[in-house]
Amino acid sequence: MSRYFTDEHEWIDVEGEIATVGITDYAQEQLGDIVFVELPAEGTTFDKGDDAAVVESVKAASDVYAPISGEVVESNSALEDEPALVNSDAEEDGWFFKLRITDASELEGLMTEAAYKKFVAAL
Amino acid sequence: MSGTDDVTHIEEALPLEALPLDAWHRARGARMVGFAGYHMPIQYEGIMAEHGWTREHAGLFDVSHMGQISFSGEGVDDALEYLLPSDIKGLKPFRQRYSMLLDQDGGILDDLMVSRLGDDAFDGAAIYMVVNGATKYDDMGWMIEHLPDEVVMNHMADQALLALQGPEAGEALAALIPGTADLIFMQSGLFTWRGVSLWISRSGYTGEDGFEISIPADDVTLLADALCDLPQVKPIGLGARDSLRLEAGLPLYGHDLSPAVSTIGADLGFAIQKRRREEGGFIGHARVMKELADGPGAKRVGLTIEGRLPAREGATIHVGATQVGEVTSGGFAPTVGAPIAMGWVSLPHSAQGTALEIEVRGKRIAAMVAPMPFVPHRYRRKA
């Protein structure tokens with residue numbers, strides 16, 4: 001399994017043709033207390049960069065973009081009852097949705113963990 | 001990710017000024033944002049935790065961005081009764097009132113607190129006023145224009161302002177300044193702490209018991225440290241200040257109030273005492289009287305929301321196919337444990353219990369006009 005990152009503070013775990021997408025620990029820290037996550041329905045298809053989800057903190061609503069193109073095969077229903085999972089475990093149990101990857105070449109433009117750490121350190 | 005409607009209105013384009021406690025906030029781990037032209041702490045440990053702490057213990061808020069203004073000179077009461085719709089002549093020493101500045105059409109230019117001074121506080125000035133930070137320079141321009149030459153208006157830019165709020169605020173402040181225990185809601189006094197003069201009122205913006213403390217900027221760090229050394233007190237950011245005031249049903253200028261709306265529609269008629277309604281003689285009186293007689297076109301109301309999706313400022317309010325209003329403040333209410341909102345709704349749809357729908361990202365969510373406050377006020381009204 002490989003993990004990729006975007007400059008929009010999302011992480012993507014790729015296993016075969018399935019990509020699991022979430023927001024990074026840095027992102028949840030910036031957003032603060034998360035009170036609601038609006039997730040895409042199974043079967044929704046996204047082009048890279050489409051609005052895919054909305055995360056609502058106490059103060060603000062923020063869009064989460066599809067980091068790559070694909071079809072939603074599952075959303076994390078645990079977030080419906082416990083949106084704060086995104087705060088407590090952003091990069092594991094707080095995942096948002098899983099995509100069936102349309103074009104694996106899109107992964108090439110994404111950051112590695114080391115590159116993302118460097119990116120965040122410079123912010 | 002990107003913020004789509006950050007209600008703190010971060011003004012990154014403007015050069016921001018530093019408040020007297022700037023370094024103090026940063027040292028305590030605050031996340032700073034631009035607000036009302038200043039770098040201000042939006043949060044320390046997190047909005048939910050800070051909100052809960054204030055409801056259970058005591059929170060310290062730096063509100064030094066607000067405008068502190070004194071008035072003195074011959075005819076000051078008459079002059080202020082022309083500017084404000086509230087009873088100033090009947091305001092006794094050490095008493096405070098909520099009031100507002102109205103324009104000629106009765107639109108709200110700002111909301112504010114006005115007090116009659118005593119004990120020679122602030123160099124013996126007669127009246128003390130606290131106005132919103134984002135509007136203070138416009139307010140002062142408006143007031144200069146409408147005050148006679150004999151009245152002297154002094155912007156006390158060297159005064160900091162702290163708010164200590166919460167059910168343990170009384171015991172906390174009394175530990176430093178015992179005399180403050182005798183103050184009741186909307187009463188003020190001049191106190192001395194370590195040789196420093198403090199003007200303290202028992203009031204605030206959270207719905208809880210608490211105080212607002214005016215102190216020279218040079219001494220504010222010492223007081224902020226002394227307060228936060230007490231076990232009851234933690235520093236609280238702007239984020240929780242907003243969620244606390246929303247639960248308390250208190251309007252926020254620039255969001256729930258603006259020049260486009262009126263006092264009566266805003267449900268703030270309590271700020272205009274009977275004598276002032278009858279006698280008039282203040283800017284905006286005609287609009288107030290017309291709306292008292294005919295009713296306002298729209299009203300500021302509280303809204304409870306079904307489900308967990310917050311409705312925020314700018315979301316439109318509907319009955320069937322018709323838009324009947326707009327949300328002016330909204331978000332998740334930590335003490336309520338659900339989203340709540342404040343908004344303006346046309347009069348026929350503004351009665352408590354009216355079922356409405358709010359549109360959020362193309363979806364309709366069920367809402368209901370609800371009484372405010374959402375969380376009961378716990379002011380200390382009796383000694």
# chains A, B, ... in the order shown; residues from 1 in each chain; ligands from 1
call {"tool": "closest_atom_pairs", "arguments": {"of": "chain A", "to": "chain B", "cutoff": "10 Å", "atoms": "only C-alpha atoms", "output": "Markdown table"}}
result
| residue | atom | partner | partner_atom | distance |
| --- | --- | --- | --- | --- |
| A:Thr6 | CA | B:Met1 | CA | 9.6 |
| A:Asp7 | CA | B:Met1 | CA | 8.7 |
| A:Glu8 | CA | B:Met1 | CA | 4.9 |
| A:His9 | CA | B:Met1 | CA | 6.5 |
| A:Glu10 | CA | B:Met1 | CA | 7.7 |
| A:Ile23 | CA | B:Met1 | CA | 8.4 |
| A:Ala27 | CA | B:Met1 | CA | 8.2 |
| A:Glu29 | CA | B:Gly46 | CA | 9.3 |
| A:Gln30 | CA | B:Arg31 | CA | 9.2 |
| A:Leu31 | CA | B:Gly3 | CA | 9.1 |
| A:Gly32 | CA | B:Gly46 | CA | 6.2 |
| A:Asp33 | CA | B:Met48 | CA | 6.5 |
| A:Ile34 | CA | B:Met48 | CA | 9.5 |
| A:Val35 | CA | B:Phe332 | CA | 7.0 |
| A:Phe36 | CA | B:Leu309 | CA | 6.1 |
| A:Val37 | CA | B:Leu309 | CA | 8.2 |
| A:Glu38 | CA | B:Leu309 | CA | 8.3 |
| A:Asp51 | CA | B:Met1 | CA | 9.3 |
| A:Ala53 | CA | B:Met1 | CA | 9.5 |
| A:Val54 | CA | B:Met1 | CA | 8.9 |
| A:Val55 | CA | B:Met1 | CA | 9.0 |
| A:Glu56 | CA | B:Pro310 | CA | 7.6 |
| A:Ser57 | CA | B:Phe332 | CA | 8.1 |
| A:Val58 | CA | B:Phe332 | CA | 5.5 |
| A:Lys59 | CA | B:Val7 | CA | 6.5 |
| A:Ala60 | CA | B:Asp6 | CA | 4.8 |
| A:Ala61 | CA | B:Thr4 | CA | 5.7 |
| A:Ser62 | CA | B:Gly3 | CA | 4.2 |
| A:Asp63 | CA | B:Met1 | CA | 5.2 |
| A:Val64 | CA | B:Met1 | CA | 4.8 |
| A:Tyr65 | CA | B:Met1 | CA | 6.4 |
| A:Ala66 | CA | B:Met1 | CA | 9.8 |
| A:Glu80 | CA | B:Arg308 | CA | 9.0 |
| A:Asp81 | CA | B:Arg308 | CA | 9.5 |
call {"tool": "residues_around", "arguments": {"residues": "segment 98-110 of chain A", "least_positions_apart": "5", "cutoff": "6 Å", "atoms": "only C-alpha atoms", "output": "list in words"}}
result
Tyr4, Phe5, Thr6, Glu17, Ile18, Ala19, Thr20, Ser69, Gly70, Glu71, Val72, Val73 and Glu74 of chain A
call {"tool": "write_last_selection", "arguments": {"atoms": "C-alpha atoms", "output": "PDB file, in the first residue's frame"}}
result
ATOM      1  CA  TYR A   4       0.037   9.981  -1.167  1.00  0.00           C
ATOM      2  CA  PHE A   5      -0.727  13.554  -0.116  1.00  0.00           C
ATOM      3  CA  THR A   6      -2.119  16.660  -1.821  1.00  0.00           C
ATOM      4  CA  GLU A  17      -7.598  -0.036  -7.789  1.00  0.00           C
ATOM      5  CA  ILE A  18      -9.129   1.368  -4.575  1.00  0.00           C
ATOM      6  CA  ALA A  19      -8.064   4.676  -3.039  1.00  0.00           C
ATOM      7  CA  THR A  20      -9.064   5.633   0.520  1.00  0.00           C
ATOM      8  CA  SER A  69     -10.784  10.862 -10.527  1.00  0.00           C
ATOM      9  CA  GLY A  70     -12.893   7.877  -9.575  1.00  0.00           C
ATOM     10  CA  GLU A  71     -16.184   6.347  -8.468  1.00  0.00           C
ATOM     11  CA  VAL A  72     -17.203   6.302  -4.808  1.00  0.00           C
ATOM     12  CA  VAL A  73     -17.463   2.709  -3.578  1.00  0.00           C
ATOM     13  CA  GLU A  74     -17.879   3.464   0.122  1.00  0.00           C
TER      14      GLU A  74
END
call {"tool": "select_by_dssp", "arguments": {"residues": "segment 42-99 of chain B", "states": "alpha helix (DSSP H)", "output": "ChimeraX atom specification"}}
result
/B:47-56,76-83
call {"tool": "write_last_selection", "arguments": {"atoms": "N, CA, C and O atoms", "output": "PDB file, in the first residue's frame"}}
result
ATOM      1  N   ILE B  47     -12.251  25.399  20.322  1.00  0.00           N
ATOM      2  CA  ILE B  47     -13.467  26.166  20.589  1.00  0.00           C
ATOM      3  C   ILE B  47     -14.420  25.409  21.518  1.00  0.00           C
ATOM      4  O   ILE B  47     -14.973  25.986  22.458  1.00  0.00           O
ATOM      5  N   MET B  48     -14.600  24.112  21.278  1.00  0.00           N
ATOM      6  CA  MET B  48     -15.548  23.341  22.099  1.00  0.00           C
ATOM      7  C   MET B  48     -15.102  23.335  23.560  1.00  0.00           C
ATOM      8  O   MET B  48     -15.905  23.551  24.462  1.00  0.00           O
ATOM      9  N   ALA B  49     -13.815  23.061  23.789  1.00  0.00           N
ATOM     10  CA  ALA B  49     -13.298  22.994  25.162  1.00  0.00           C
ATOM     11  C   ALA B  49     -13.399  24.363  25.832  1.00  0.00           C
ATOM     12  O   ALA B  49     -13.787  24.463  27.010  1.00  0.00           O
ATOM     13  N   GLU B  50     -13.087  25.416  25.083  1.00  0.00           N
ATOM     14  CA  GLU B  50     -13.119  26.761  25.659  1.00  0.00           C
ATOM     15  C   GLU B  50     -14.551  27.202  25.955  1.00  0.00           C
ATOM     16  O   GLU B  50     -14.829  27.838  26.974  1.00  0.00           O
ATOM     17  N   HIS B  51     -15.452  26.844  25.063  1.00  0.00           N
ATOM     18  CA  HIS B  51     -16.873  27.152  25.262  1.00  0.00           C
ATOM     19  C   HIS B  51     -17.371  26.461  26.544  1.00  0.00           C
ATOM     20  O   HIS B  51     -17.974  27.098  27.413  1.00  0.00           O
ATOM     21  N   GLY B  52     -17.080  25.187  26.663  1.00  0.00           N
ATOM     22  CA  GLY B  52     -17.514  24.417  27.830  1.00  0.00           C
ATOM     23  C   GLY B  52     -16.896  24.945  29.121  1.00  0.00           C
ATOM     24  O   GLY B  52     -17.576  25.027  30.155  1.00  0.00           O
ATOM     25  N   TRP B  53     -15.621  25.326  29.063  1.00  0.00           N
ATOM     26  CA  TRP B  53     -14.941  25.862  30.242  1.00  0.00           C
ATOM     27  C   TRP B  53     -15.644  27.135  30.737  1.00  0.00           C
ATOM     28  O   TRP B  53     -15.876  27.314  31.930  1.00  0.00           O
ATOM     29  N   THR B  54     -16.018  27.988  29.785  1.00  0.00           N
ATOM     30  CA  THR B  54     -16.674  29.249  30.161  1.00  0.00           C
ATOM     31  C   THR B  54     -18.046  28.993  30.777  1.00  0.00           C
ATOM     32  O   THR B  54     -18.434  29.660  31.729  1.00  0.00           O
ATOM     33  N   ARG B  55     -18.778  28.023  30.253  1.00  0.00           N
ATOM     34  CA  ARG B  55     -20.100  27.713  30.817  1.00  0.00           C
ATOM     35  C   ARG B  55     -19.991  27.074  32.207  1.00  0.00           C
ATOM     36  O   ARG B  55     -20.915  27.159  33.002  1.00  0.00           O
ATOM     37  N   GLU B  56     -18.842  26.439  32.501  1.00  0.00           N
ATOM     38  CA  GLU B  56     -18.714  25.737  33.781  1.00  0.00           C
ATOM     39  C   GLU B  56     -17.826  26.463  34.790  1.00  0.00           C
ATOM     40  O   GLU B  56     -18.010  26.320  35.999  1.00  0.00           O
ATOM     41  N   VAL B  76     -23.822  67.208  28.150  1.00  0.00           N
ATOM     42  CA  VAL B  76     -23.463  65.892  27.619  1.00  0.00           C
ATOM     43  C   VAL B  76     -24.669  64.945  27.575  1.00  0.00           C
ATOM     44  O   VAL B  76     -24.841  64.189  26.620  1.00  0.00           O
ATOM     45  N   ASP B  77     -25.552  65.032  28.583  1.00  0.00           N
ATOM     46  CA  ASP B  77     -26.716  64.131  28.593  1.00  0.00           C
ATOM     47  C   ASP B  77     -27.663  64.442  27.429  1.00  0.00           C
ATOM     48  O   ASP B  77     -28.139  63.534  26.743  1.00  0.00           O
ATOM     49  N   ASP B  78     -27.923  65.745  27.243  1.00  0.00           N
ATOM     50  CA  ASP B  78     -28.798  66.140  26.124  1.00  0.00           C
ATOM     51  C   ASP B  78     -28.186  65.707  24.794  1.00  0.00           C
ATOM     52  O   ASP B  78     -28.892  65.205  23.914  1.00  0.00           O
ATOM     53  N   ALA B  79     -26.902  65.904  24.669  1.00  0.00           N
ATOM     54  CA  ALA B  79     -26.230  65.581  23.403  1.00  0.00           C
ATOM     55  C   ALA B  79     -26.307  64.084  23.129  1.00  0.00           C
ATOM     56  O   ALA B  79     -26.557  63.653  21.999  1.00  0.00           O
ATOM     57  N   LEU B  80     -26.112  63.279  24.172  1.00  0.00           N
ATOM     58  CA  LEU B  80     -26.154  61.823  23.970  1.00  0.00           C
ATOM     59  C   LEU B  80     -27.580  61.316  23.785  1.00  0.00           C
ATOM     60  O   LEU B  80     -27.802  60.317  23.112  1.00  0.00           O
ATOM     61  N   GLU B  81     -28.541  62.024  24.351  1.00  0.00           N
ATOM     62  CA  GLU B  81     -29.928  61.610  24.111  1.00  0.00           C
ATOM     63  C   GLU B  81     -30.362  61.911  22.672  1.00  0.00           C
ATOM     64  O   GLU B  81     -31.307  61.300  22.177  1.00  0.00           O
ATOM     65  N   TYR B  82     -29.666  62.806  22.006  1.00  0.00           N
ATOM     66  CA  TYR B  82     -29.919  63.019  20.582  1.00  0.00           C
ATOM     67  C   TYR B  82     -29.296  61.889  19.747  1.00  0.00           C
ATOM     68  O   TYR B  82     -29.879  61.412  18.768  1.00  0.00           O
ATOM     69  N   LEU B  83     -28.138  61.405  20.205  1.00  0.00           N
ATOM     70  CA  LEU B  83     -27.410  60.362  19.464  1.00  0.00           C
ATOM     71  C   LEU B  83     -27.937  58.958  19.727  1.00  0.00           C
ATOM     72  O   LEU B  83     -27.828  58.076  18.882  1.00  0.00           O
TER      73      LEU B  83
END
call {"tool": "atom_distance", "arguments": {"atom1": "atom CA of Arg300 of chain B", "atom2": "atom CA of Ser329 of chain B"}}
result
10.6 Å
call {"tool": "select_by_dssp", "arguments": {"residues": "segment 118-259 of chain B", "states": "strand (DSSP E or B)", "output": "VMD selection string"}}
result
chain B and resid 127 to 131 152 to 155 159 to 165 187 to 193 196 to 201 210 to 216 233 to 235 253 257
call {"tool": "write_last_selection", "arguments": {"atoms": "N, CA and C atoms", "output": "short mmCIF file (atom, residue, chain, number, x, y, z; two decimals), in the first residue's frame"}}
result
data_model
loop_
_atom_site.label_atom_id
_atom_site.label_comp_id
_atom_site.auth_asym_id
_atom_site.auth_seq_id
_atom_site.Cartn_x
_atom_site.Cartn_y
_atom_site.Cartn_z
N ILE B 127 -19.61 60.17 31.07
CA ILE B 127 -20.20 58.97 30.45
C ILE B 127 -19.09 58.13 29.82
N TYR B 128 -19.25 56.82 29.91
CA TYR B 128 -18.29 55.86 29.33
C TYR B 128 -19.06 54.98 28.36
N MET B 129 -18.48 54.76 27.19
CA MET B 129 -19.17 53.98 26.16
C MET B 129 -18.20 52.93 25.61
N VAL B 130 -18.73 51.73 25.36
CA VAL B 130 -17.93 50.70 24.69
C VAL B 130 -18.65 50.33 23.39
N VAL B 131 -17.95 50.50 22.26
CA VAL B 131 -18.54 50.19 20.95
C VAL B 131 -17.75 49.07 20.29
N VAL B 152 -17.02 66.98 24.95
CA VAL B 152 -15.71 66.44 24.58
C VAL B 152 -15.78 64.92 24.53
N MET B 153 -15.43 64.37 23.37
CA MET B 153 -15.40 62.92 23.21
C MET B 153 -13.94 62.47 23.22
N ASN B 154 -13.62 61.50 24.04
CA ASN B 154 -12.22 61.06 24.16
C ASN B 154 -12.12 59.56 23.89
N HIS B 155 -11.42 59.21 22.81
CA HIS B 155 -11.17 57.80 22.51
C HIS B 155 -10.01 57.34 23.39
N GLN B 159 -6.45 52.30 26.80
CA GLN B 159 -7.09 51.39 27.74
C GLN B 159 -7.28 50.02 27.07
N ALA B 160 -6.91 48.97 27.77
CA ALA B 160 -7.25 47.61 27.32
C ALA B 160 -8.58 47.22 27.96
N LEU B 161 -9.21 46.18 27.42
CA LEU B 161 -10.48 45.72 27.97
C LEU B 161 -10.46 44.19 28.03
N LEU B 162 -10.71 43.66 29.22
CA LEU B 162 -10.80 42.22 29.42
C LEU B 162 -12.23 41.87 29.83
N ALA B 163 -12.69 40.70 29.42
CA ALA B 163 -13.97 40.19 29.92
C ALA B 163 -13.69 38.88 30.64
N LEU B 164 -14.22 38.77 31.84
CA LEU B 164 -14.11 37.53 32.61
C LEU B 164 -15.53 37.00 32.75
N GLN B 165 -15.80 35.82 32.20
CA GLN B 165 -17.17 35.35 32.05
C GLN B 165 -17.33 33.90 32.51
N GLN B 187 -24.07 46.91 36.67
CA GLN B 187 -23.56 47.92 37.60
C GLN B 187 -22.04 47.96 37.45
N SER B 188 -21.46 49.14 37.65
CA SER B 188 -20.02 49.31 37.49
C SER B 188 -19.42 49.93 38.74
N GLY B 189 -18.10 49.95 38.78
CA GLY B 189 -17.43 50.61 39.89
C GLY B 189 -15.96 50.84 39.56
N LEU B 190 -15.37 51.77 40.31
CA LEU B 190 -13.95 52.04 40.17
C LEU B 190 -13.21 51.28 41.27
N PHE B 191 -12.24 50.48 40.89
CA PHE B 191 -11.52 49.65 41.85
C PHE B 191 -10.02 49.89 41.68
N THR B 192 -9.26 49.49 42.69
CA THR B 192 -7.81 49.60 42.60
C THR B 192 -7.21 48.23 42.83
N TRP B 193 -6.29 47.85 41.96
CA TRP B 193 -5.59 46.58 42.10
C TRP B 193 -4.11 46.83 41.88
N VAL B 196 -3.30 50.10 40.51
CA VAL B 196 -3.83 50.44 39.17
C VAL B 196 -5.34 50.65 39.27
N SER B 197 -5.84 51.71 38.65
CA SER B 197 -7.28 51.97 38.63
C SER B 197 -7.96 51.11 37.58
N LEU B 198 -9.03 50.43 37.97
CA LEU B 198 -9.80 49.59 37.05
C LEU B 198 -11.25 50.03 37.07
N TRP B 199 -11.84 50.18 35.90
CA TRP B 199 -13.27 50.43 35.81
C TRP B 199 -13.90 49.08 35.44
N ILE B 200 -14.71 48.56 36.35
CA ILE B 200 -15.23 47.20 36.18
C ILE B 200 -16.76 47.23 36.15
N SER B 201 -17.34 46.60 35.16
CA SER B 201 -18.80 46.46 35.14
C SER B 201 -19.16 44.98 35.19
N GLY B 210 -20.53 37.66 34.92
CA GLY B 210 -19.17 38.02 34.57
C GLY B 210 -18.94 39.52 34.59
N PHE B 211 -17.75 39.88 34.16
CA PHE B 211 -17.30 41.26 34.29
C PHE B 211 -16.60 41.72 33.01
N GLU B 212 -16.61 43.03 32.83
CA GLU B 212 -15.75 43.65 31.81
C GLU B 212 -14.88 44.66 32.54
N ILE B 213 -13.58 44.56 32.29
CA ILE B 213 -12.58 45.28 33.09
C ILE B 213 -11.77 46.18 32.18
N SER B 214 -11.88 47.48 32.39
CA SER B 214 -11.07 48.43 31.63
C SER B 214 -9.83 48.76 32.45
N ILE B 215 -8.67 48.60 31.82
CA ILE B 215 -7.39 48.74 32.53
C ILE B 215 -6.37 49.39 31.59
N PRO B 216 -5.47 50.25 32.09
CA PRO B 216 -4.45 50.81 31.20
C PRO B 216 -3.68 49.69 30.48
N VAL B 233 -9.82 30.07 36.02
CA VAL B 233 -9.74 30.91 34.82
C VAL B 233 -8.82 30.34 33.74
N LYS B 234 -9.31 30.34 32.51
CA LYS B 234 -8.48 30.02 31.34
C LYS B 234 -8.74 31.08 30.27
N PRO B 235 -7.75 31.35 29.41
CA PRO B 235 -8.01 32.28 28.32
C PRO B 235 -8.90 31.65 27.25
N TYR B 253 -22.99 42.63 15.80
CA TYR B 253 -23.06 43.71 14.81
C TYR B 253 -22.28 43.35 13.54
N LEU B 257 -27.04 42.53 12.90
CA LEU B 257 -27.45 43.93 12.91
C LEU B 257 -26.64 44.68 11.88
#
call {"tool": "atom_distance", "arguments": {"atom1": "atom CA of Met289 of chain B", "atom2": "atom CA of Val261 of chain B"}}
result
14.5 Å
call {"tool": "closest_residue", "arguments": {"among": "A:Ser88, A:Thr45, A:Thr112, A:Asn76", "to": "Gly22 of chain A", "atoms": "only C-alpha atoms"}}
result
A:Asn76
call {"tool": "atom_distance", "arguments": {"atom1": "atom CA of Met342 of chain B", "atom2": "atom CA of Glu326 of chain B"}}
result
8.8 Å
call {"tool": "closest_residue", "arguments": {"among": "A:Tyr26, A:Gly94, A:Lys118, A:Pro67", "to": "Val14 of chain A", "atoms": "only C-alpha atoms"}}
result
A:Pro67
call {"tool": "residues_around", "arguments": {"residues": "His39 of chain B", "least_positions_apart": "5", "cutoff": "12 Å", "atoms": "only C-alpha atoms", "output": "ChimeraX atom specification"}}
result
/B:10-12,14-23,25-26,30-34,62-65,237-238
